[in-house]
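K.L.:
So I've got this file, start23.pdb, and it contains PDB, C-alpha atoms:
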```pdb
ATOM      1  CA  THR E 148      66.521  83.998 225.571  1.00  0.00           C
ATOM      2  CA  ILE E 149      67.258  80.789 223.657  1.00  0.00           C
ATOM      3  CA  ILE E 150      66.605  82.494 220.307  1.00  0.00           C
ATOM      4  CA  GLU E 151      69.057  85.292 221.122  1.00  0.00           C
ATOM      5  CA  LYS E 152      71.743  82.775 222.133  1.00  0.00           C
ATOM      6  CA  LEU E 153      71.288  80.782 218.904  1.00  0.00           C
ATOM      7  CA  THR E 154      71.477  83.973 216.830  1.00  0.00           C
ATOM      8  CA  GLU E 155      74.660  85.019 218.639  1.00  0.00           C
ATOM      9  CA  GLN E 156      76.281  81.611 218.069  1.00  0.00           C
ATOM     10  CA  LYS E 157      75.366  81.719 214.340  1.00  0.00           C
ATOM     11  CA  GLU E 158      76.915  85.163 213.960  1.00  0.00           C
ATOM     12  CA  GLN E 159      80.102  83.964 215.638  1.00  0.00           C
ATOM     13  CA  LYS E 160      80.403  80.927 213.344  1.00  0.00           C
ATOM     14  CA  GLU E 161      79.690  82.699 210.040  1.00  0.00           C
ATOM     15  CA  PRO E 162      82.802  84.205 208.453  1.00  0.00           C
ATOM     16  CA  THR E 163      82.812  87.871 207.572  1.00  0.00           C
ATOM     17  CA  ARG E 164      82.907  88.886 203.907  1.00  0.00           C
ATOM     18  CA  THR E 165      86.635  89.563 204.217  1.00  0.00           C
ATOM     19  CA  GLU E 166      87.296  86.212 205.869  1.00  0.00           C
ATOM     20  CA  SER E 167      85.227  84.454 203.260  1.00  0.00           C
ATOM     21  CA  GLY E 168      87.267  85.957 200.429  1.00  0.00           C
ATOM     22  CA  ALA E 169      90.645  85.504 202.057  1.00  0.00           C
ATOM     23  CA  ASN E 170      90.346  82.150 203.756  1.00  0.00           C
ATOM     24  CA  PHE E 171      87.503  80.278 202.108  1.00  0.00           C
ATOM     25  CA  ALA E 172      87.959  81.044 198.402  1.00  0.00           C
ATOM     26  CA  ILE E 173      88.157  77.895 196.304  1.00  0.00           C
ATOM     27  CA  ARG E 174      91.188  77.967 194.022  1.00  0.00           C
ATOM     28  CA  LYS E 175      90.542  76.805 190.473  1.00  0.00           C
ATOM     29  CA  GLU E 176      92.267  73.503 189.793  1.00  0.00           C
ATOM     30  CA  LEU E 177      95.402  74.001 187.733  1.00  0.00           C
ATOM     31  CA  LYS E 178      95.268  72.370 184.313  1.00  0.00           C
ATOM     32  CA  ILE E 179      98.046  72.061 181.752  1.00  0.00           C
ATOM     33  CA  ASP E 180      96.756  72.868 178.270  1.00  0.00           C
ATOM     34  CA  GLY E 181      97.874  70.064 175.980  1.00  0.00           C
ATOM     35  CA  ILE E 182      99.028  66.453 176.141  1.00  0.00           C
ATOM     36  CA  ILE E 183     102.560  65.588 177.246  1.00  0.00           C
ATOM     37  CA  ASP E 184     103.348  62.487 175.235  1.00  0.00           C
ATOM     38  CA  GLY E 185     106.694  63.233 173.590  1.00  0.00           C
ATOM     39  CA  LYS E 186     105.148  63.251 170.092  1.00  0.00           C
ATOM     40  CA  GLU E 187     105.274  66.020 167.496  1.00  0.00           C
ATOM     41  CA  THR E 188     101.554  66.690 167.963  1.00  0.00           C
ATOM     42  CA  GLY E 189     101.922  66.854 171.727  1.00  0.00           C
ATOM     43  CA  LEU E 190     102.949  69.673 174.033  1.00  0.00           C
ATOM     44  CA  SER E 191     106.401  71.119 173.382  1.00  0.00           C
ATOM     45  CA  PHE E 192     108.985  71.672 176.082  1.00  0.00           C
ATOM     46  CA  ILE E 193     108.794  75.445 175.667  1.00  0.00           C
ATOM     47  CA  SER E 194     105.002  75.489 175.987  1.00  0.00           C
ATOM     48  CA  LEU E 195     105.184  73.326 179.101  1.00  0.00           C
ATOM     49  CA  MET E 196     107.809  75.578 180.691  1.00  0.00           C
ATOM     50  CA  ARG E 197     105.745  78.685 179.963  1.00  0.00           C
ATOM     51  CA  GLN E 198     102.663  77.145 181.551  1.00  0.00           C
ATOM     52  CA  ILE E 199     104.655  76.104 184.607  1.00  0.00           C
ATOM     53  CA  GLU E 200     106.103  79.613 184.890  1.00  0.00           C
ATOM     54  CA  GLY E 201     102.604  81.095 184.585  1.00  0.00           C
ATOM     55  CA  ALA E 202     101.309  78.815 187.341  1.00  0.00           C
ATOM     56  CA  GLN E 203     104.165  79.867 189.616  1.00  0.00           C
ATOM     57  CA  LYS E 204     103.424  83.546 188.996  1.00  0.00           C
ATOM     58  CA  ARG E 205      99.745  82.938 189.875  1.00  0.00           C
ATOM     59  CA  GLY E 206     100.813  81.500 193.213  1.00  0.00           C
ATOM     60  CA  TYR E 207     100.205  77.788 192.723  1.00  0.00           C
ATOM     61  CA  PRO E 208     102.379  75.699 195.075  1.00  0.00           C
ATOM     62  CA  GLU E 209     104.934  73.313 193.615  1.00  0.00           C
ATOM     63  CA  ALA E 210     102.980  70.197 194.603  1.00  0.00           C
ATOM     64  CA  GLU E 211      99.892  71.348 192.659  1.00  0.00           C
ATOM     65  CA  ILE E 212     101.993  72.191 189.606  1.00  0.00           C
ATOM     66  CA  ILE E 213     103.589  68.735 189.657  1.00  0.00           C
ATOM     67  CA  ASP E 214     100.155  67.097 189.957  1.00  0.00           C
ATOM     68  CA  ALA E 215      98.868  69.120 186.988  1.00  0.00           C
ATOM     69  CA  VAL E 216     101.874  68.137 184.875  1.00  0.00           C
ATOM     70  CA  ILE E 217     101.366  64.452 185.684  1.00  0.00           C
ATOM     71  CA  ARG E 218      97.643  64.649 184.852  1.00  0.00           C
ATOM     72  CA  ALA E 219      98.538  66.063 181.418  1.00  0.00           C
ATOM     73  CA  MET E 220     100.299  62.794 180.535  1.00  0.00           C
ATOM     74  CA  PRO E 221      98.458  59.830 178.975  1.00  0.00           C
ATOM     75  CA  THR E 222      97.081  57.274 181.429  1.00  0.00           C
ATOM     76  CA  GLY E 223      99.307  54.218 181.535  1.00  0.00           C
ATOM     77  CA  ASP E 224     102.348  56.097 180.228  1.00  0.00           C
ATOM     78  CA  SER E 225     105.526  54.661 181.800  1.00  0.00           C
ATOM     79  CA  LEU E 226     106.932  58.082 182.662  1.00  0.00           C
ATOM     80  CA  ARG E 227     103.635  59.114 184.247  1.00  0.00           C
ATOM     81  CA  ASN E 228     103.611  55.940 186.355  1.00  0.00           C
ATOM     82  CA  PHE E 229     107.144  56.702 187.507  1.00  0.00           C
ATOM     83  CA  LEU E 230     106.412  60.336 188.384  1.00  0.00           C
ATOM     84  CA  GLU E 231     103.283  59.371 190.319  1.00  0.00           C
ATOM     85  CA  VAL E 232     105.311  57.265 192.776  1.00  0.00           C
ATOM     86  CA  SER E 233     108.524  59.309 192.797  1.00  0.00           C
ATOM     87  CA  LYS E 234     109.263  62.193 195.123  1.00  0.00           C
ATOM     88  CA  LEU E 235     111.044  64.359 192.581  1.00  0.00           C
ATOM     89  CA  ASN E 236     110.862  68.130 192.898  1.00  0.00           C
ATOM     90  CA  LEU E 237     109.804  70.449 190.068  1.00  0.00           C
ATOM     91  CA  GLU E 238     113.333  71.232 188.878  1.00  0.00           C
ATOM     92  CA  GLN E 239     114.170  67.539 188.619  1.00  0.00           C
ATOM     93  CA  ILE E 240     110.971  66.925 186.655  1.00  0.00           C
ATOM     94  CA  LYS E 241     111.872  69.779 184.280  1.00  0.00           C
ATOM     95  CA  ASP E 242     115.197  68.080 183.556  1.00  0.00           C
ATOM     96  CA  ILE E 243     113.404  64.830 182.765  1.00  0.00           C
ATOM     97  CA  PHE E 244     111.007  66.542 180.366  1.00  0.00           C
ATOM     98  CA  ARG E 245     113.877  68.365 178.666  1.00  0.00           C
ATOM     99  CA  GLN E 246     115.036  64.948 177.463  1.00  0.00           C
ATOM    100  CA  HIS E 247     111.597  63.364 177.100  1.00  0.00           C
ATOM    101  CA  LEU E 248     110.344  66.191 174.877  1.00  0.00           C
ATOM    102  CA  HIS E 249     113.596  66.277 172.893  1.00  0.00           C
ATOM    103  CA  GLN E 250     114.568  69.820 173.836  1.00  0.00           C
ATOM    104  CA  PRO E 251     117.880  70.709 172.100  1.00  0.00           C
ATOM    105  CA  SER E 252     120.720  72.083 174.200  1.00  0.00           C
ATOM    106  CA  PRO E 253     121.427  75.836 174.274  1.00  0.00           C
ATOM    107  CA  THR E 254     124.500  75.248 172.099  1.00  0.00           C
ATOM    108  CA  GLU E 255     122.492  73.358 169.458  1.00  0.00           C
ATOM    109  CA  LEU E 256     119.820  76.063 169.331  1.00  0.00           C
ATOM    110  CA  PHE E 257     122.330  78.920 169.258  1.00  0.00           C
ATOM    111  CA  THR E 258     124.295  77.282 166.443  1.00  0.00           C
ATOM    112  CA  LYS E 259     121.120  76.633 164.464  1.00  0.00           C
ATOM    113  CA  LEU E 260     120.101  80.273 164.886  1.00  0.00           C
ATOM    114  CA  THR E 261     123.437  81.624 163.649  1.00  0.00           C
ATOM    115  CA  GLN E 262     123.509  79.298 160.632  1.00  0.00           C
ATOM    116  CA  SER E 263     119.901  79.694 159.498  1.00  0.00           C
ATOM    117  CA  VAL E 264     119.142  80.753 155.931  1.00  0.00           C
ATOM    118  CA  GLN E 265     115.920  80.741 153.959  1.00  0.00           C
ATOM    119  CA  LEU E 266     115.430  77.376 152.270  1.00  0.00           C
ATOM    120  CA  PRO E 267     114.349  77.172 148.594  1.00  0.00           C
ATOM    121  CA  GLU E 268     110.905  75.801 149.512  1.00  0.00           C
ATOM    122  CA  GLU E 269     110.479  78.169 152.479  1.00  0.00           C
ATOM    123  CA  SER E 270     108.494  81.397 152.252  1.00  0.00           C
ATOM    124  CA  ALA E 271     110.002  84.617 153.563  1.00  0.00           C
ATOM    125  CA  SER E 272     107.369  84.931 156.287  1.00  0.00           C
ATOM    126  CA  ALA E 273     107.982  81.333 157.394  1.00  0.00           C
ATOM    127  CA  PHE E 274     111.701  82.081 157.598  1.00  0.00           C
ATOM    128  CA  VAL E 275     111.070  85.070 159.875  1.00  0.00           C
ATOM    129  CA  LEU E 276     108.860  83.003 162.168  1.00  0.00           C
ATOM    130  CA  LYS E 277     111.473  80.244 162.255  1.00  0.00           C
ATOM    131  CA  LEU E 278     114.142  82.709 163.387  1.00  0.00           C
ATOM    132  CA  LEU E 279     111.846  84.221 166.016  1.00  0.00           C
ATOM    133  CA  ASP E 280     111.104  80.747 167.345  1.00  0.00           C
ATOM    134  CA  LEU E 281     114.802  79.841 167.468  1.00  0.00           C
ATOM    135  CA  ARG E 282     115.621  83.081 169.276  1.00  0.00           C
ATOM    136  CA  GLU E 283     113.032  82.501 172.000  1.00  0.00           C
ATOM    137  CA  ARG E 284     113.844  78.794 172.347  1.00  0.00           C
ATOM    138  CA  THR E 285     117.535  79.641 172.749  1.00  0.00           C
ATOM    139  CA  LYS E 286     116.818  82.183 175.477  1.00  0.00           C
ATOM    140  CA  LEU E 287     114.540  79.771 177.311  1.00  0.00           C
ATOM    141  CA  ALA E 288     117.036  76.921 177.060  1.00  0.00           C
ATOM    142  CA  VAL E 289     119.758  79.141 178.525  1.00  0.00           C
ATOM    143  CA  ALA E 290     117.431  80.286 181.327  1.00  0.00           C
ATOM    144  CA  THR E 291     116.314  76.778 182.294  1.00  0.00           C
ATOM    145  CA  LYS E 292     119.592  74.880 182.065  1.00  0.00           C
ATOM    146  CA  GLU E 293     123.065  75.388 183.463  1.00  0.00           C
ATOM    147  CA  SER E 294     124.898  74.831 180.184  1.00  0.00           C
ATOM    148  CA  GLY E 295     128.296  76.079 181.332  1.00  0.00           C
ATOM    149  CA  LEU E 296     128.347  78.401 178.320  1.00  0.00           C
ATOM    150  CA  ALA E 297     127.486  82.074 178.222  1.00  0.00           C
ATOM    151  CA  TYR E 298     124.747  83.021 175.773  1.00  0.00           C
ATOM    152  CA  PRO E 299     123.479  86.324 177.160  1.00  0.00           C
ATOM    153  CA  SER E 300     120.208  87.640 175.847  1.00  0.00           C
ATOM    154  CA  ASP E 301     121.800  90.536 173.963  1.00  0.00           C
ATOM    155  CA  LEU E 302     124.153  88.134 172.142  1.00  0.00           C
ATOM    156  CA  VAL E 303     121.210  85.960 171.098  1.00  0.00           C
ATOM    157  CA  ASP E 304     119.391  89.072 169.853  1.00  0.00           C
ATOM    158  CA  GLN E 305     122.486  90.135 167.916  1.00  0.00           C
ATOM    159  CA  MET E 306     122.762  86.754 166.189  1.00  0.00           C
ATOM    160  CA  PHE E 307     119.057  86.841 165.412  1.00  0.00           C
ATOM    161  CA  ARG E 308     119.402  90.221 163.691  1.00  0.00           C
ATOM    162  CA  GLN E 309     122.423  89.036 161.745  1.00  0.00           C
ATOM    163  CA  ALA E 310     120.647  85.902 160.509  1.00  0.00           C
ATOM    164  CA  LEU E 311     117.580  87.974 159.657  1.00  0.00           C
ATOM    165  CA  SER E 312     119.541  90.560 157.691  1.00  0.00           C
ATOM    166  CA  THR E 313     121.562  88.046 155.636  1.00  0.00           C
ATOM    167  CA  GLY E 314     119.400  84.921 155.386  1.00  0.00           C
ATOM    168  CA  PHE E 315     116.776  85.926 152.797  1.00  0.00           C
ATOM    169  CA  ARG E 316     117.153  84.605 149.278  1.00  0.00           C
ATOM    170  CA  ASP E 317     115.566  87.710 147.730  1.00  0.00           C
ATOM    171  CA  VAL E 318     117.992  90.664 147.597  1.00  0.00           C
ATOM    172  CA  GLU E 319     115.224  93.287 147.672  1.00  0.00           C
ATOM    173  CA  LEU E 320     113.729  91.755 150.787  1.00  0.00           C
ATOM    174  CA  ARG E 321     117.142  91.428 152.396  1.00  0.00           C
ATOM    175  CA  LEU E 322     117.797  95.157 151.959  1.00  0.00           C
ATOM    176  CA  LYS E 323     114.332  96.027 153.269  1.00  0.00           C
ATOM    177  CA  VAL E 324     114.836  93.962 156.417  1.00  0.00           C
ATOM    178  CA  GLN E 325     118.289  95.463 156.980  1.00  0.00           C
ATOM    179  CA  GLU E 326     116.635  98.887 156.877  1.00  0.00           C
ATOM    180  CA  LEU E 327     114.038  97.788 159.439  1.00  0.00           C
ATOM    181  CA  ILE E 328     116.703  96.363 161.739  1.00  0.00           C
ATOM    182  CA  ALA E 329     118.670  99.630 161.548  1.00  0.00           C
ATOM    183  CA  LYS E 330     115.527 101.442 162.725  1.00  0.00           C
ATOM    184  CA  ASN E 331     115.101  99.003 165.644  1.00  0.00           C
ATOM    185  CA  CYS E 332     111.632  98.049 164.424  1.00  0.00           C
ATOM    186  CA  SER E 333     109.623  95.603 166.502  1.00  0.00           C
ATOM    187  CA  ASP E 334     109.091  91.947 165.648  1.00  0.00           C
ATOM    188  CA  VAL E 335     105.502  92.729 164.681  1.00  0.00           C
ATOM    189  CA  ASP E 336     106.618  95.457 162.252  1.00  0.00           C
ATOM    190  CA  ILE E 337     109.207  93.163 160.669  1.00  0.00           C
ATOM    191  CA  ILE E 338     106.636  90.397 160.182  1.00  0.00           C
ATOM    192  CA  ALA E 339     104.165  92.854 158.659  1.00  0.00           C
ATOM    193  CA  GLN E 340     106.731  94.361 156.268  1.00  0.00           C
ATOM    194  CA  VAL E 341     108.016  90.965 155.151  1.00  0.00           C
ATOM    195  CA  ASN E 342     104.447  89.814 154.482  1.00  0.00           C
ATOM    196  CA  ALA E 343     103.788  92.999 152.502  1.00  0.00           C
ATOM    197  CA  VAL E 344     106.908  92.625 150.332  1.00  0.00           C
ATOM    198  CA  GLU E 345     106.162  88.944 149.804  1.00  0.00           C
ATOM    199  CA  SER E 346     102.606  89.788 148.729  1.00  0.00           C
ATOM    200  CA  GLN E 347     103.857  92.414 146.273  1.00  0.00           C
ATOM    201  CA  THR E 348     106.313  89.915 144.815  1.00  0.00           C
ATOM    202  CA  ARG E 349     103.532  87.378 144.272  1.00  0.00           C
ATOM    203  CA  ASP E 350     101.336  90.016 142.617  1.00  0.00           C
ATOM    204  CA  ARG E 351     104.131  91.001 140.219  1.00  0.00           C
ATOM    205  CA  ALA E 352     104.786  87.365 139.365  1.00  0.00           C
ATOM    206  CA  SER E 353     101.074  86.776 138.761  1.00  0.00           C
ATOM    207  CA  LYS E 354     100.766  89.828 136.476  1.00  0.00           C
ATOM    208  CA  SER E 355     103.895  88.822 134.587  1.00  0.00           C
ATOM    209  CA  ALA E 356     102.480  85.339 134.015  1.00  0.00           C
ATOM    210  CA  GLN E 357      99.211  86.806 132.722  1.00  0.00           C
ATOM    211  CA  CYS E 358     101.049  89.086 130.304  1.00  0.00           C
ATOM    212  CA  ASN E 359     103.047  86.160 128.957  1.00  0.00           C
ATOM    213  CA  GLN E 360      99.838  84.276 128.263  1.00  0.00           C
ATOM    214  CA  VAL E 361      98.402  87.109 126.154  1.00  0.00           C
TER     215      VAL E 361
END
```
Could I get this file's structure written as structure tokens?
P.N.:
Amino acid sequence: TIIEKLTEQKEQKEPTRTESGANFAIRKELKIDGIIDGKETGLSFISLMRQIEGAQKRGYPEAEIIDAVIRAMPTGDSLRNFLEVSKLNLEQIKDIFRQHLHQPSPTELFTKLTQSVQLPEESASAFVLKLLDLRERTKLAVATKESGLAYPSDLVDQMFRQALSTGFRDVELRLKVQELIAKNCSDVDIIAQVNAVESQTRDRASKSAQCNQV
């Protein structure tokens, strides 16, 4: 009958549940979190690279990643206008942003890591976070740029531990951190212990000030 034929045609046209999930799923549009404007308040090079790497791991094609990066730039920006009409690939665009976002070279970052000490106005916890940031930025810079120089990950880690064990202004804290490094404690444990020692030091200073006022 006509009804049977129409029903049969409808069944043939409708995708199965498997086909619907595999072939007809709508991918969420990729969006870069932050504004790429080359300013201090804008997205950093490291953050951009991590988001690009995450998009690649989630299976987004290069063309979609490039589009998302361009959309994250301010409308009317000269670099955005250039990228919109260029046919650069993702690696070439990364090189452009390395300069545009003022990313230091691996040598600059490695040198800064090895020479870092706690500044007079810098808290101990801030110093630890600074070293952790320099360590990760150095590794990323080496991984994303052919520098011609060898800075293997274990060497960067070694220099990080050396700067961490010798860079504190407080002797007590320096010895405590050296003990933690010898035990191969995690970054989280080191941060927690430094915060604890710093808090104890502040409490002692506060009590001493109160006693002097009596």
K.L.:
Which residue, E:Arg308, E:Lys241, E:Lys204, E:Lys234, has the smallest gap to Val216 (chain E) when you use all atoms listed in the file?
P.N.:
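Of all the options, E:Lys241 lies closest to Val216 (chain E).
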K.L.:
Counting only C-alpha atoms, which of E:Val324, E:Ile213, E:Leu281, E:Met196 gets nearest to Ser252 (chain E)?
P.N.:
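Among the listed residues, E:Leu281 lies closest to Ser252 (chain E).
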K.L.:
Kindly resolve the PyMOL selection byres ((chain E and resi 181) around 12) on the present coordinates and return the residues as a compact mmCIF listing (two decimals) with C-alpha atoms, in the coordinates of the input.
P.N.:
```txt
# COMPACT_ATOMS: atom_id res chain seq x y z
CA LYS E 178 95.27 72.37 184.31
CA ILE E 179 98.05 72.06 181.75
CA ASP E 180 96.76 72.87 178.27
CA ILE E 182 99.03 66.45 176.14
CA ILE E 183 102.56 65.59 177.25
CA ASP E 184 103.35 62.49 175.24
CA GLY E 185 106.69 63.23 173.59
CA LYS E 186 105.15 63.25 170.09
CA GLU E 187 105.27 66.02 167.50
CA THR E 188 101.55 66.69 167.96
CA GLY E 189 101.92 66.85 171.73
CA LEU E 190 102.95 69.67 174.03
CA SER E 191 106.40 71.12 173.38
CA PHE E 192 108.98 71.67 176.08
CA SER E 194 105.00 75.49 175.99
CA LEU E 195 105.18 73.33 179.10
CA GLN E 198 102.66 77.14 181.55
CA ALA E 215 98.87 69.12 186.99
CA VAL E 216 101.87 68.14 184.88
CA ILE E 217 101.37 64.45 185.68
CA ARG E 218 97.64 64.65 184.85
CA ALA E 219 98.54 66.06 181.42
CA MET E 220 100.30 62.79 180.54
CA PRO E 221 98.46 59.83 178.98
```
K.L.:
Write out as a count of residues only the residues lying within 9 Å of region 312-320 of chain E, counting only C-alpha atoms and excluding same-chain residues fewer than 4 positions away.
P.N.:
17
K.L.:
Please compute the CA of Ile193 (chain E)-CA of Ala288 (chain E) distance, one decimal, in Å.
P.N.:
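Between CA of Ile193 (chain E) and CA of Ala288 (chain E) the gap works out to 8.5 Å.
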K.L.:
Figure out the distance between CA of Ala329 (chain E) and CA of Val303 (chain E), please, to one decimal in Å.
P.N.:
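CA of Val303 (chain E) sits 16.9 Å away from CA of Ala329 (chain E).
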K.L.:
Please determine, counting all atoms listed in the file, which residue among E:Asp280, E:Ser270, E:Pro251, E:Ala202 has the shortest atom-to-atom distance to Thr348 (chain E).
P.N.:
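When distances to Thr348 (chain E) are compared using all atoms listed in the file, the smallest one comes from E:Ser270.
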